[in-house]
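Asks: Sending over a structure as structure tokens; questions will come in a sec.
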Amino acid sequence: MKKYKLNNFKLNRRDLLAGTASLGAMTFASKSVLSDENKSKNLPPNLPEWTSELGEGVDANPYGMPSEFEKNVIRRNVEWLTASTESSVNFTPIQDLEGIVTPNGLCFERHHGGVSIINPKDFRLMINGLVDREMIFTLEDLKRFPQVNKFYFLECAANGGMEWRGSQLNGCQYTFGMIHNVQYTGVKLSDLILETGLKPKAKWVLAEGSDSSGMTRSIPIEKILDDCIIAWAMNGEALRSEQGYPARLIVPGWEGNMWVKWIRRLEFGDMPYMTREETSKYTDLLSDGKARMFTWVMDAKSVVTSPSPEKPILHKGIHQLRGLAWSGRGKIKRVDVSLDGGKNWKTAELHEPIMSKSLARFTFPFEWNGQELLIQSRAIDETNYVQPTIQELQKIRGVNSIYHNNSIATWLVSKTGKVDNVRLG
Ligand code: MTE
Ligand code: CO
């Protein structure tokens with residue numbers, strides 16, 4: 001049998017700094033297998049129990065669920081951010097996820113009036129206003145149009161909103177978890193509009209949800225014609241009710257509030273509708289008391305998901321720092337990582353596929369010998385926009401904002417390996 005050594009090998013320091021450490025030279029095994037900590041009779045050289053008896057039958061789980069040992073990987077809410085369960089938010093456990101796809105059952109939820117439960121037979125999408133032919137589509141009608149299958153992130157504009165003036169919430173899930181990334185199946189709005197026609201004066205669309213919150217947002221026609229979608233599926237199956245079943249609007253790269261769930265109507269007009277959600281809400285007050293109007297695009301941002309407050313460092317030696325980066329302006333071009341609070345930066349490895357307006361996964365190998373670290377990541381997108389520090393953001397936007405905080409976060413790793421959310425400077 002191969003002999004494993006975990007803590008004994010050392011990476012060449014130059015390799016580490018260059019981020020080019022080769023995995024070929026490394027051997028790994030789980031620590032519990034190596035040590036005597038776990039005395040389970042299921043460990044080698046014994047034959048485990050599950051080998052000597054038959055497993056569950058195929059009918060045990062008609063709809064598969066995660067292993068019972070993964071029951072900690074769930075959406076969570078913050079009590080003091082929860083006005084009521086109907087007007088509420090919970091957070092995606094991004095610290096526990098790998099790759100870039102968010103499993104459907106873990107996508108964070110944000111509802112302003114609870115989850116509507118809609119029989120798809122009663123679904124209708126009405127298109128009215130400045131079009132040549134006002135039309136009403138059933139779900140089956142929509143599915144007869146050419147389809148698209150696209151990965152996009154959805155980030156609530158309030159993601160990280162509690163962190164404007166200082167670090168408040170000690171968790172990766174709570175400070176970055178108002179985001180998910182799934183593959184949507186749907187029809188491009190530009191294709192639906194070929195059917196209805198457009199009057200020359202049509203410049204804006206009012207998108208309206210059918211839930212009790214009556215969610216409405218104005219969207220400029222250029223965006224509608226560019227890449228907006230009416231989607232009925234996520235990650236290969238029907239939308240979950242929480243995500244707008246049977247159909248929702250997809251507004252790639254733009255703030256989550258515009259992605260109207262349980263969509264019922266699109267009205268074409270010649271000016272913005274100035275709804276509650278784009279006037280008294282989802283706007284930010286600047287230092288001079290004026291509000292920023294129409295802050296649609298989600299600027300480039302990144303987060304180190306491990307180590308993080310929920311993912312302390314448990315042993316010395318080599319570790320793979322892991323994280324996510326995204327930009328509402330296109331593809332992620334580069335992610336830099338710092339272990340010393342932004343004094344020195346190294347380039348992380350980006351993992352394929354890198355798609356426009358989708359999460360991108362990065363990793364970075366580092367060695368930990370019990371020293372304090374100040375871990376940061378910084379995303380750069382294909383427009384060369386660089387994720388800012390909170391100080392840079394505050395210089396322009398003041399401290400009264402809630403929405404659109406895309407600043408660099410800092411995780412402090414203490415000598416025990418514990419990780420905390422801290423504010424530098
Ligand atoms: N659409 C409707 N009809 N009702 C809502 O409450 N919430 C919005 C948006 N669309 C909302 C809605 C907000 S603020 C966000 S961030 C996203 O949906 C959240 O989408 P999710 O619940 O799929 O994560
Ligand atoms: Co939101």
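Ordered as shown in the structure tokens, chains take letters A, B, and onward, while each chain numbers its residues from 1 and ligands are numbered from 1 in the order shown.
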Taking only C-alpha atoms and all ligand atoms into account, report as a list in words which residues have an atom no farther than 7 Å from an atom of ligand 2.

Replies: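 Checking only C-alpha atoms and all ligand atoms against ligand 2 at 7 Å gives Arg110, Cys156, Ala157, Ala158, Gly256 and Asn257 of chain A.
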
Asks: So which residues touch Ile263 of chain A within 8 Å, counting only C-alpha atoms, skipping near sequence neighbours fewer than 4 positions away, as an MDAnalysis selection string?

Replies: chainID A and resid 125 207:210 244 247:249

Asks: Let me see the file: selected residues, all heavy atoms, as a JSON list (two decimals), in the first residue's frame.

Replies:
```
[["chain", "number", "residue", "atom", "x", "y", "z"],
["A", 125, "LEU", "N", -48.19, 35.21, -19.77],
["A", 125, "LEU", "CA", -47.32, 36.38, -19.89],
["A", 125, "LEU", "C", -47.96, 37.33, -20.88],
["A", 125, "LEU", "O", -48.17, 36.97, -22.05],
["A", 125, "LEU", "CB", -45.91, 35.98, -20.37],
["A", 125, "LEU", "CG", -44.99, 37.17, -20.67],
["A", 125, "LEU", "CD1", -44.66, 37.95, -19.38],
["A", 125, "LEU", "CD2", -43.69, 36.72, -21.34],
["A", 207, "ALA", "N", -41.48, 45.60, -16.15],
["A", 207, "ALA", "CA", -41.65, 44.17, -15.89],
["A", 207, "ALA", "C", -42.40, 44.03, -14.58],
["A", 207, "ALA", "O", -42.03, 44.65, -13.58],
["A", 207, "ALA", "CB", -40.28, 43.50, -15.79],
["A", 208, "GLU", "N", -43.47, 43.22, -14.60],
["A", 208, "GLU", "CA", -44.33, 43.11, -13.42],
["A", 208, "GLU", "C", -44.47, 41.66, -12.97],
["A", 208, "GLU", "O", -44.74, 40.77, -13.79],
["A", 208, "GLU", "CB", -45.71, 43.67, -13.77],
["A", 208, "GLU", "CG", -46.69, 43.68, -12.61],
["A", 208, "GLU", "CD", -48.06, 44.17, -13.05],
["A", 208, "GLU", "OE1", -48.71, 43.46, -13.85],
["A", 208, "GLU", "OE2", -48.47, 45.26, -12.63],
["A", 209, "GLY", "N", -44.30, 41.43, -11.67],
["A", 209, "GLY", "CA", -44.48, 40.10, -11.10],
["A", 209, "GLY", "C", -45.92, 39.90, -10.67],
["A", 209, "GLY", "O", -46.65, 40.86, -10.43],
["A", 210, "SER", "N", -46.31, 38.61, -10.54],
["A", 210, "SER", "CA", -47.71, 38.35, -10.17],
["A", 210, "SER", "C", -47.84, 38.01, -8.69],
["A", 210, "SER", "O", -48.92, 37.65, -8.24],
["A", 210, "SER", "CB", -48.27, 37.20, -11.01],
["A", 210, "SER", "OG", -47.54, 36.02, -10.74],
["A", 244, "GLY", "N", -39.38, 31.65, -8.71],
["A", 244, "GLY", "CA", -40.32, 32.28, -9.63],
["A", 244, "GLY", "C", -41.13, 31.35, -10.51],
["A", 244, "GLY", "O", -41.68, 31.80, -11.52],
["A", 247, "ALA", "N", -42.18, 30.92, -14.36],
["A", 247, "ALA", "CA", -41.24, 31.65, -15.23],
["A", 247, "ALA", "C", -40.82, 32.97, -14.59],
["A", 247, "ALA", "O", -41.59, 33.60, -13.87],
["A", 247, "ALA", "CB", -41.87, 31.92, -16.59],
["A", 248, "ARG", "N", -39.57, 33.34, -14.84],
["A", 248, "ARG", "CA", -39.04, 34.60, -14.31],
["A", 248, "ARG", "C", -38.25, 35.33, -15.40],
["A", 248, "ARG", "O", -37.84, 34.72, -16.40],
["A", 248, "ARG", "CB", -38.16, 34.37, -13.10],
["A", 248, "ARG", "CG", -36.70, 34.09, -13.44],
["A", 248, "ARG", "CD", -35.80, 33.88, -12.24],
["A", 248, "ARG", "NE", -35.75, 35.04, -11.37],
["A", 248, "ARG", "CZ", -35.17, 35.05, -10.18],
["A", 248, "ARG", "NH1", -34.59, 33.95, -9.73],
["A", 248, "ARG", "NH2", -35.14, 36.13, -9.45],
["A", 249, "LEU", "N", -37.99, 36.59, -15.12],
["A", 249, "LEU", "CA", -37.17, 37.40, -16.02],
["A", 249, "LEU", "C", -35.70, 37.28, -15.63],
["A", 249, "LEU", "O", -35.36, 37.34, -14.44],
["A", 249, "LEU", "CB", -37.63, 38.86, -15.92],
["A", 249, "LEU", "CG", -36.91, 39.88, -16.77],
["A", 249, "LEU", "CD1", -37.07, 39.61, -18.26],
["A", 249, "LEU", "CD2", -37.43, 41.29, -16.45]]
```

Asks: Any idea what's packed within 7 Å of segment 230-241 of chain A, counting only C-alpha atoms, ignoring anything in its chain fewer than 4 positions away? Could you give it as JSON, numbers by chain?

Replies: {"A": [115, 117, 182, 183, 184, 185, 186, 187, 188, 189, 245, 246, 247, 248, 249, 250]}

Asks: Mind writing the picked residues with N, CA and C atoms as a short mmCIF file (atom, residue, chain, number, x, y, z; two decimals), in the first residue's frame?

Replies:
```
data_model
loop_
_atom_site.label_atom_id
_atom_site.label_comp_id
_atom_site.auth_asym_id
_atom_site.auth_seq_id
_atom_site.Cartn_x
_atom_site.Cartn_y
_atom_site.Cartn_z
N VAL A 115 -43.63 33.46 -1.21
CA VAL A 115 -43.49 32.63 -2.41
C VAL A 115 -44.88 32.34 -2.98
N ILE A 117 -47.44 30.26 -5.15
CA ILE A 117 -47.50 28.90 -5.68
C ILE A 117 -48.47 28.93 -6.87
N VAL A 182 -26.73 29.74 -11.90
CA VAL A 182 -27.31 28.52 -12.45
C VAL A 182 -27.40 28.64 -13.97
N GLN A 183 -27.66 27.50 -14.61
CA GLN A 183 -27.90 27.53 -16.05
C GLN A 183 -29.40 27.68 -16.31
N TYR A 184 -29.75 28.75 -17.01
CA TYR A 184 -31.16 29.02 -17.30
C TYR A 184 -31.52 28.52 -18.69
N THR A 185 -32.73 27.97 -18.80
CA THR A 185 -33.30 27.65 -20.11
C THR A 185 -34.50 28.56 -20.31
N GLY A 186 -34.56 29.18 -21.47
CA GLY A 186 -35.68 30.08 -21.71
C GLY A 186 -35.67 30.62 -23.12
N VAL A 187 -36.47 31.68 -23.30
CA VAL A 187 -36.58 32.31 -24.61
C VAL A 187 -36.07 33.74 -24.51
N LYS A 188 -35.33 34.16 -25.52
CA LYS A 188 -34.82 35.54 -25.52
C LYS A 188 -35.98 36.51 -25.74
N LEU A 189 -35.99 37.58 -24.98
CA LEU A 189 -37.07 38.56 -25.16
C LEU A 189 -37.05 39.14 -26.57
N TYR A 245 -41.21 30.07 -10.15
CA TYR A 245 -41.97 29.10 -10.95
C TYR A 245 -43.35 29.65 -11.28
N PRO A 246 -43.83 29.54 -12.50
CA PRO A 246 -43.20 28.77 -13.58
C PRO A 246 -42.25 29.58 -14.48
N ALA A 247 -42.18 30.92 -14.36
CA ALA A 247 -41.24 31.65 -15.23
C ALA A 247 -40.82 32.97 -14.59
N ARG A 248 -39.57 33.34 -14.84
CA ARG A 248 -39.04 34.60 -14.31
C ARG A 248 -38.25 35.33 -15.40
N LEU A 249 -37.99 36.59 -15.12
CA LEU A 249 -37.17 37.40 -16.02
C LEU A 249 -35.70 37.28 -15.63
N ILE A 250 -34.82 37.12 -16.62
CA ILE A 250 -33.37 37.07 -16.41
C ILE A 250 -32.79 38.35 -17.01
#
```

Asks: Considering only C-alpha atoms and all ligand atoms, give me a table of residues in chain A that are at most 6 Å from ligand 1, with the closest atom pair and distance in Å for each, as a tab-separated table.

Replies:
```
residue	atom	partner	partner_atom_place_in_ligand_line	distance
A:Cys107	CA	ligand 1	24 (O)	6.0
A:Phe108	CA	ligand 1	24 (O)	4.7
A:Glu109	CA	ligand 1	22 (O)	3.4
A:Arg110	CA	ligand 1	22 (O)	4.1
A:His111	CA	ligand 1	6 (O)	3.5
A:His112	CA	ligand 1	6 (O)	3.7
A:Gly113	CA	ligand 1	6 (O)	5.8
A:Cys156	CA	ligand 1	16 (S)	3.6
A:Gly209	CA	ligand 1	3 (N)	4.0
A:Asp211	CA	ligand 1	3 (N)	5.3
A:Ser213	CA	ligand 1	4 (N)	6.0
A:Met215	CA	ligand 1	3 (N)	4.7
A:Glu242	CA	ligand 1	22 (O)	5.8
A:Gln243	CA	ligand 1	23 (O)	3.9
A:Gly256	CA	ligand 1	16 (S)	3.9
A:Asn257	CA	ligand 1	13 (C)	3.6
A:Met258	CA	ligand 1	9 (C)	5.9
A:Trp259	CA	ligand 1	10 (N)	4.8
A:Val260	CA	ligand 1	1 (N)	3.7
A:Lys261	CA	ligand 1	1 (N)	3.8
A:Trp262	CA	ligand 1	3 (N)	5.4
```

Asks: Please, could you write that set of residues out with N, CA, C and O atoms as a PDB file, in the first residue's frame?

Replies:
```pdb
ATOM      1  N   CYS A 107     -29.988  27.879  -3.672  1.00  0.00           N
ATOM      2  CA  CYS A 107     -30.002  29.260  -4.174  1.00  0.00           C
ATOM      3  C   CYS A 107     -30.681  30.165  -3.151  1.00  0.00           C
ATOM      4  O   CYS A 107     -31.806  29.874  -2.709  1.00  0.00           O
ATOM      5  N   PHE A 108     -30.009  31.243  -2.769  1.00  0.00           N
ATOM      6  CA  PHE A 108     -30.611  32.156  -1.783  1.00  0.00           C
ATOM      7  C   PHE A 108     -31.969  32.623  -2.290  1.00  0.00           C
ATOM      8  O   PHE A 108     -32.235  32.617  -3.498  1.00  0.00           O
ATOM      9  N   GLU A 109     -32.825  33.022  -1.358  1.00  0.00           N
ATOM     10  CA  GLU A 109     -34.169  33.494  -1.720  1.00  0.00           C
ATOM     11  C   GLU A 109     -34.357  34.911  -1.212  1.00  0.00           C
ATOM     12  O   GLU A 109     -33.965  35.226  -0.086  1.00  0.00           O
ATOM     13  N   ARG A 110     -34.982  35.724  -2.014  1.00  0.00           N
ATOM     14  CA  ARG A 110     -35.371  37.062  -1.570  1.00  0.00           C
ATOM     15  C   ARG A 110     -36.799  37.291  -2.049  1.00  0.00           C
ATOM     16  O   ARG A 110     -37.056  37.324  -3.253  1.00  0.00           O
ATOM     17  N   HIS A 111     -37.695  37.387  -1.099  1.00  0.00           N
ATOM     18  CA  HIS A 111     -39.098  37.629  -1.426  1.00  0.00           C
ATOM     19  C   HIS A 111     -39.574  38.874  -0.714  1.00  0.00           C
ATOM     20  O   HIS A 111     -39.268  39.070   0.463  1.00  0.00           O
ATOM     21  N   HIS A 112     -40.375  39.668  -1.412  1.00  0.00           N
ATOM     22  CA  HIS A 112     -40.950  40.864  -0.790  1.00  0.00           C
ATOM     23  C   HIS A 112     -42.391  40.611  -0.354  1.00  0.00           C
ATOM     24  O   HIS A 112     -42.968  41.419   0.353  1.00  0.00           O
ATOM     25  N   GLY A 113     -42.969  39.500  -0.797  1.00  0.00           N
ATOM     26  CA  GLY A 113     -44.346  39.209  -0.396  1.00  0.00           C
ATOM     27  C   GLY A 113     -44.602  37.716  -0.337  1.00  0.00           C
ATOM     28  O   GLY A 113     -45.715  37.268  -0.613  1.00  0.00           O
ATOM     29  N   CYS A 156     -28.098  39.950  -5.434  1.00  0.00           N
ATOM     30  CA  CYS A 156     -28.943  41.012  -4.888  1.00  0.00           C
ATOM     31  C   CYS A 156     -28.068  42.244  -4.688  1.00  0.00           C
ATOM     32  O   CYS A 156     -26.932  42.133  -4.216  1.00  0.00           O
ATOM     33  N   GLY A 209     -44.299  41.431 -11.674  1.00  0.00           N
ATOM     34  CA  GLY A 209     -44.481  40.096 -11.098  1.00  0.00           C
ATOM     35  C   GLY A 209     -45.920  39.897 -10.670  1.00  0.00           C
ATOM     36  O   GLY A 209     -46.645  40.862 -10.426  1.00  0.00           O
ATOM     37  N   ASP A 211     -46.732  38.111  -7.924  1.00  0.00           N
ATOM     38  CA  ASP A 211     -46.815  37.802  -6.491  1.00  0.00           C
ATOM     39  C   ASP A 211     -47.469  38.963  -5.750  1.00  0.00           C
ATOM     40  O   ASP A 211     -47.722  40.019  -6.333  1.00  0.00           O
ATOM     41  N   SER A 213     -46.318  41.032  -3.766  1.00  0.00           N
ATOM     42  CA  SER A 213     -45.533  42.273  -3.638  1.00  0.00           C
ATOM     43  C   SER A 213     -45.719  43.152  -4.881  1.00  0.00           C
ATOM     44  O   SER A 213     -45.366  44.330  -4.862  1.00  0.00           O
ATOM     45  N   MET A 215     -44.067  43.200  -7.564  1.00  0.00           N
ATOM     46  CA  MET A 215     -42.731  43.700  -7.923  1.00  0.00           C
ATOM     47  C   MET A 215     -42.717  44.265  -9.346  1.00  0.00           C
ATOM     48  O   MET A 215     -43.117  43.586 -10.293  1.00  0.00           O
ATOM     49  N   GLU A 242     -39.515  29.064  -5.229  1.00  0.00           N
ATOM     50  CA  GLU A 242     -38.815  30.194  -4.605  1.00  0.00           C
ATOM     51  C   GLU A 242     -38.172  31.098  -5.646  1.00  0.00           C
ATOM     52  O   GLU A 242     -37.933  32.274  -5.407  1.00  0.00           O
ATOM     53  N   GLN A 243     -37.804  30.524  -6.784  1.00  0.00           N
ATOM     54  CA  GLN A 243     -37.105  31.289  -7.821  1.00  0.00           C
ATOM     55  C   GLN A 243     -38.040  31.782  -8.911  1.00  0.00           C
ATOM     56  O   GLN A 243     -37.605  32.268  -9.935  1.00  0.00           O
ATOM     57  N   GLY A 256     -30.178  41.997  -8.815  1.00  0.00           N
ATOM     58  CA  GLY A 256     -31.152  40.916  -8.667  1.00  0.00           C
ATOM     59  C   GLY A 256     -32.589  41.390  -8.626  1.00  0.00           C
ATOM     60  O   GLY A 256     -33.495  40.693  -9.096  1.00  0.00           O
ATOM     61  N   ASN A 257     -32.828  42.564  -8.058  1.00  0.00           N
ATOM     62  CA  ASN A 257     -34.188  43.073  -7.918  1.00  0.00           C
ATOM     63  C   ASN A 257     -34.920  43.189  -9.255  1.00  0.00           C
ATOM     64  O   ASN A 257     -36.149  43.136  -9.326  1.00  0.00           O
ATOM     65  N   MET A 258     -34.149  43.336 -10.352  1.00  0.00           N
ATOM     66  CA  MET A 258     -34.784  43.508 -11.672  1.00  0.00           C
ATOM     67  C   MET A 258     -35.217  42.170 -12.275  1.00  0.00           C
ATOM     68  O   MET A 258     -35.978  42.146 -13.249  1.00  0.00           O
ATOM     69  N   TRP A 259     -34.738  41.073 -11.699  1.00  0.00           N
ATOM     70  CA  TRP A 259     -35.029  39.746 -12.237  1.00  0.00           C
ATOM     71  C   TRP A 259     -36.408  39.301 -11.736  1.00  0.00           C
ATOM     72  O   TRP A 259     -36.510  38.401 -10.887  1.00  0.00           O
ATOM     73  N   VAL A 260     -37.434  39.916 -12.260  1.00  0.00           N
ATOM     74  CA  VAL A 260     -38.781  39.727 -11.710  1.00  0.00           C
ATOM     75  C   VAL A 260     -39.216  38.258 -11.780  1.00  0.00           C
ATOM     76  O   VAL A 260     -39.190  37.634 -12.846  1.00  0.00           O
ATOM     77  N   LYS A 261     -39.589  37.743 -10.585  1.00  0.00           N
ATOM     78  CA  LYS A 261     -40.048  36.345 -10.487  1.00  0.00           C
ATOM     79  C   LYS A 261     -41.550  36.308 -10.721  1.00  0.00           C
ATOM     80  O   LYS A 261     -42.231  37.324 -10.633  1.00  0.00           O
ATOM     81  N   TRP A 262     -42.077  35.112 -10.979  1.00  0.00           N
ATOM     82  CA  TRP A 262     -43.519  34.926 -11.201  1.00  0.00           C
ATOM     83  C   TRP A 262     -44.020  35.990 -12.188  1.00  0.00           C
ATOM     84  O   TRP A 262     -45.062  36.609 -11.987  1.00  0.00           O
TER      85      TRP A 262
END
```

Asks: Would you pick out the contacts of Phe123 of chain A at 7 Å or less, using only C-alpha atoms, so that residues sharing its chain but fewer than 2 positions from it are not included, and give the list as a PDB file with N, CA, C and O atoms, in the first residue's frame?

Replies:
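Written out: part10.pdb:
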```pdb
ATOM      1  N   ASN A 119     -50.031  27.275 -10.421  1.00  0.00           N
ATOM      2  CA  ASN A 119     -50.259  26.167 -11.338  1.00  0.00           C
ATOM      3  C   ASN A 119     -49.867  26.648 -12.745  1.00  0.00           C
ATOM      4  O   ASN A 119     -50.390  27.660 -13.214  1.00  0.00           O
ATOM      5  N   PRO A 120     -48.954  25.928 -13.409  1.00  0.00           N
ATOM      6  CA  PRO A 120     -48.486  26.426 -14.716  1.00  0.00           C
ATOM      7  C   PRO A 120     -49.617  26.602 -15.729  1.00  0.00           C
ATOM      8  O   PRO A 120     -49.495  27.399 -16.666  1.00  0.00           O
ATOM      9  N   LYS A 121     -50.718  25.887 -15.518  1.00  0.00           N
ATOM     10  CA  LYS A 121     -51.864  26.066 -16.434  1.00  0.00           C
ATOM     11  C   LYS A 121     -52.424  27.472 -16.317  1.00  0.00           C
ATOM     12  O   LYS A 121     -53.041  27.983 -17.254  1.00  0.00           O
ATOM     13  N   LEU A 125     -48.195  35.214 -19.766  1.00  0.00           N
ATOM     14  CA  LEU A 125     -47.316  36.381 -19.886  1.00  0.00           C
ATOM     15  C   LEU A 125     -47.959  37.330 -20.885  1.00  0.00           C
ATOM     16  O   LEU A 125     -48.169  36.973 -22.055  1.00  0.00           O
ATOM     17  N   THR A 138     -49.017  31.555 -23.215  1.00  0.00           N
ATOM     18  CA  THR A 138     -49.009  30.509 -22.186  1.00  0.00           C
ATOM     19  C   THR A 138     -47.570  29.999 -22.077  1.00  0.00           C
ATOM     20  O   THR A 138     -46.710  30.323 -22.906  1.00  0.00           O
ATOM     21  N   LEU A 139     -47.335  29.139 -21.076  1.00  0.00           N
ATOM     22  CA  LEU A 139     -45.998  28.566 -20.922  1.00  0.00           C
ATOM     23  C   LEU A 139     -45.646  27.703 -22.142  1.00  0.00           C
ATOM     24  O   LEU A 139     -44.514  27.747 -22.639  1.00  0.00           O
TER      25      LEU A 139
END
```

Asks: Report the residues of segment 237-417 of chain A whose backbone DSSP state falls under alpha helix (DSSP H), written as a ChimeraX atom specification.

Replies: /A:390-397

Asks: Write the residues of the preceding selection, restricted to C-alpha atoms, as a PDB file, in the first residue's frame.

Replies:
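Output (selection-v2.pdb):
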```
ATOM      1  CA  ILE A 390     -13.938  49.989   0.759  1.00  0.00           C
ATOM      2  CA  GLN A 391     -11.967  53.219   1.235  1.00  0.00           C
ATOM      3  CA  GLU A 392     -11.914  53.832  -2.539  1.00  0.00           C
ATOM      4  CA  LEU A 393     -15.645  53.159  -2.699  1.00  0.00           C
ATOM      5  CA  GLN A 394     -16.447  55.402   0.268  1.00  0.00           C
ATOM      6  CA  LYS A 395     -14.446  58.263  -1.269  1.00  0.00           C
ATOM      7  CA  ILE A 396     -16.921  58.351  -4.158  1.00  0.00           C
ATOM      8  CA  ARG A 397     -20.076  57.045  -2.544  1.00  0.00           C
TER       9      ARG A 397
END
```

Asks: Just checking: using only C-alpha atoms, which residue out of A:Ser67, A:Asn159, A:Ser407, A:Thr279 ends up closest to Val89 of chain A?

Replies: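 Result for the nearest residue to Val89 of chain A: A:Asn159.
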
Asks: Give me every strand (DSSP E) residue in segment 31-215 of chain A, going by DSSP on the backbone, as a ChimeraX atom specification.

Replies: /A:88-89,110-111,125-129,135-137,148-155,179-188,204-209

Asks: Asp141 of chain A: which residues within 10 Å, counting only C-alpha atoms, same-chain residues fewer than 4 positions away excluded, as an NGL selection string?

Replies: :A and (124-125 or 136-137 or 145)

Asks: Using only C-alpha atoms, which residue out of A:Leu169, A:Val78, A:Met274, A:Ile179 lies closest to Thr92 of chain A?

Replies: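 The answer is A:Ile179, which sits nearest to Thr92 of chain A.
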
Asks: Which neighbours of segment 285-299 of chain A fall inside 8 Å, counting only C-alpha atoms, when residues of the same chain fewer than 6 positions from it are skipped, and could you give them as a count of residues only?

Replies: 18
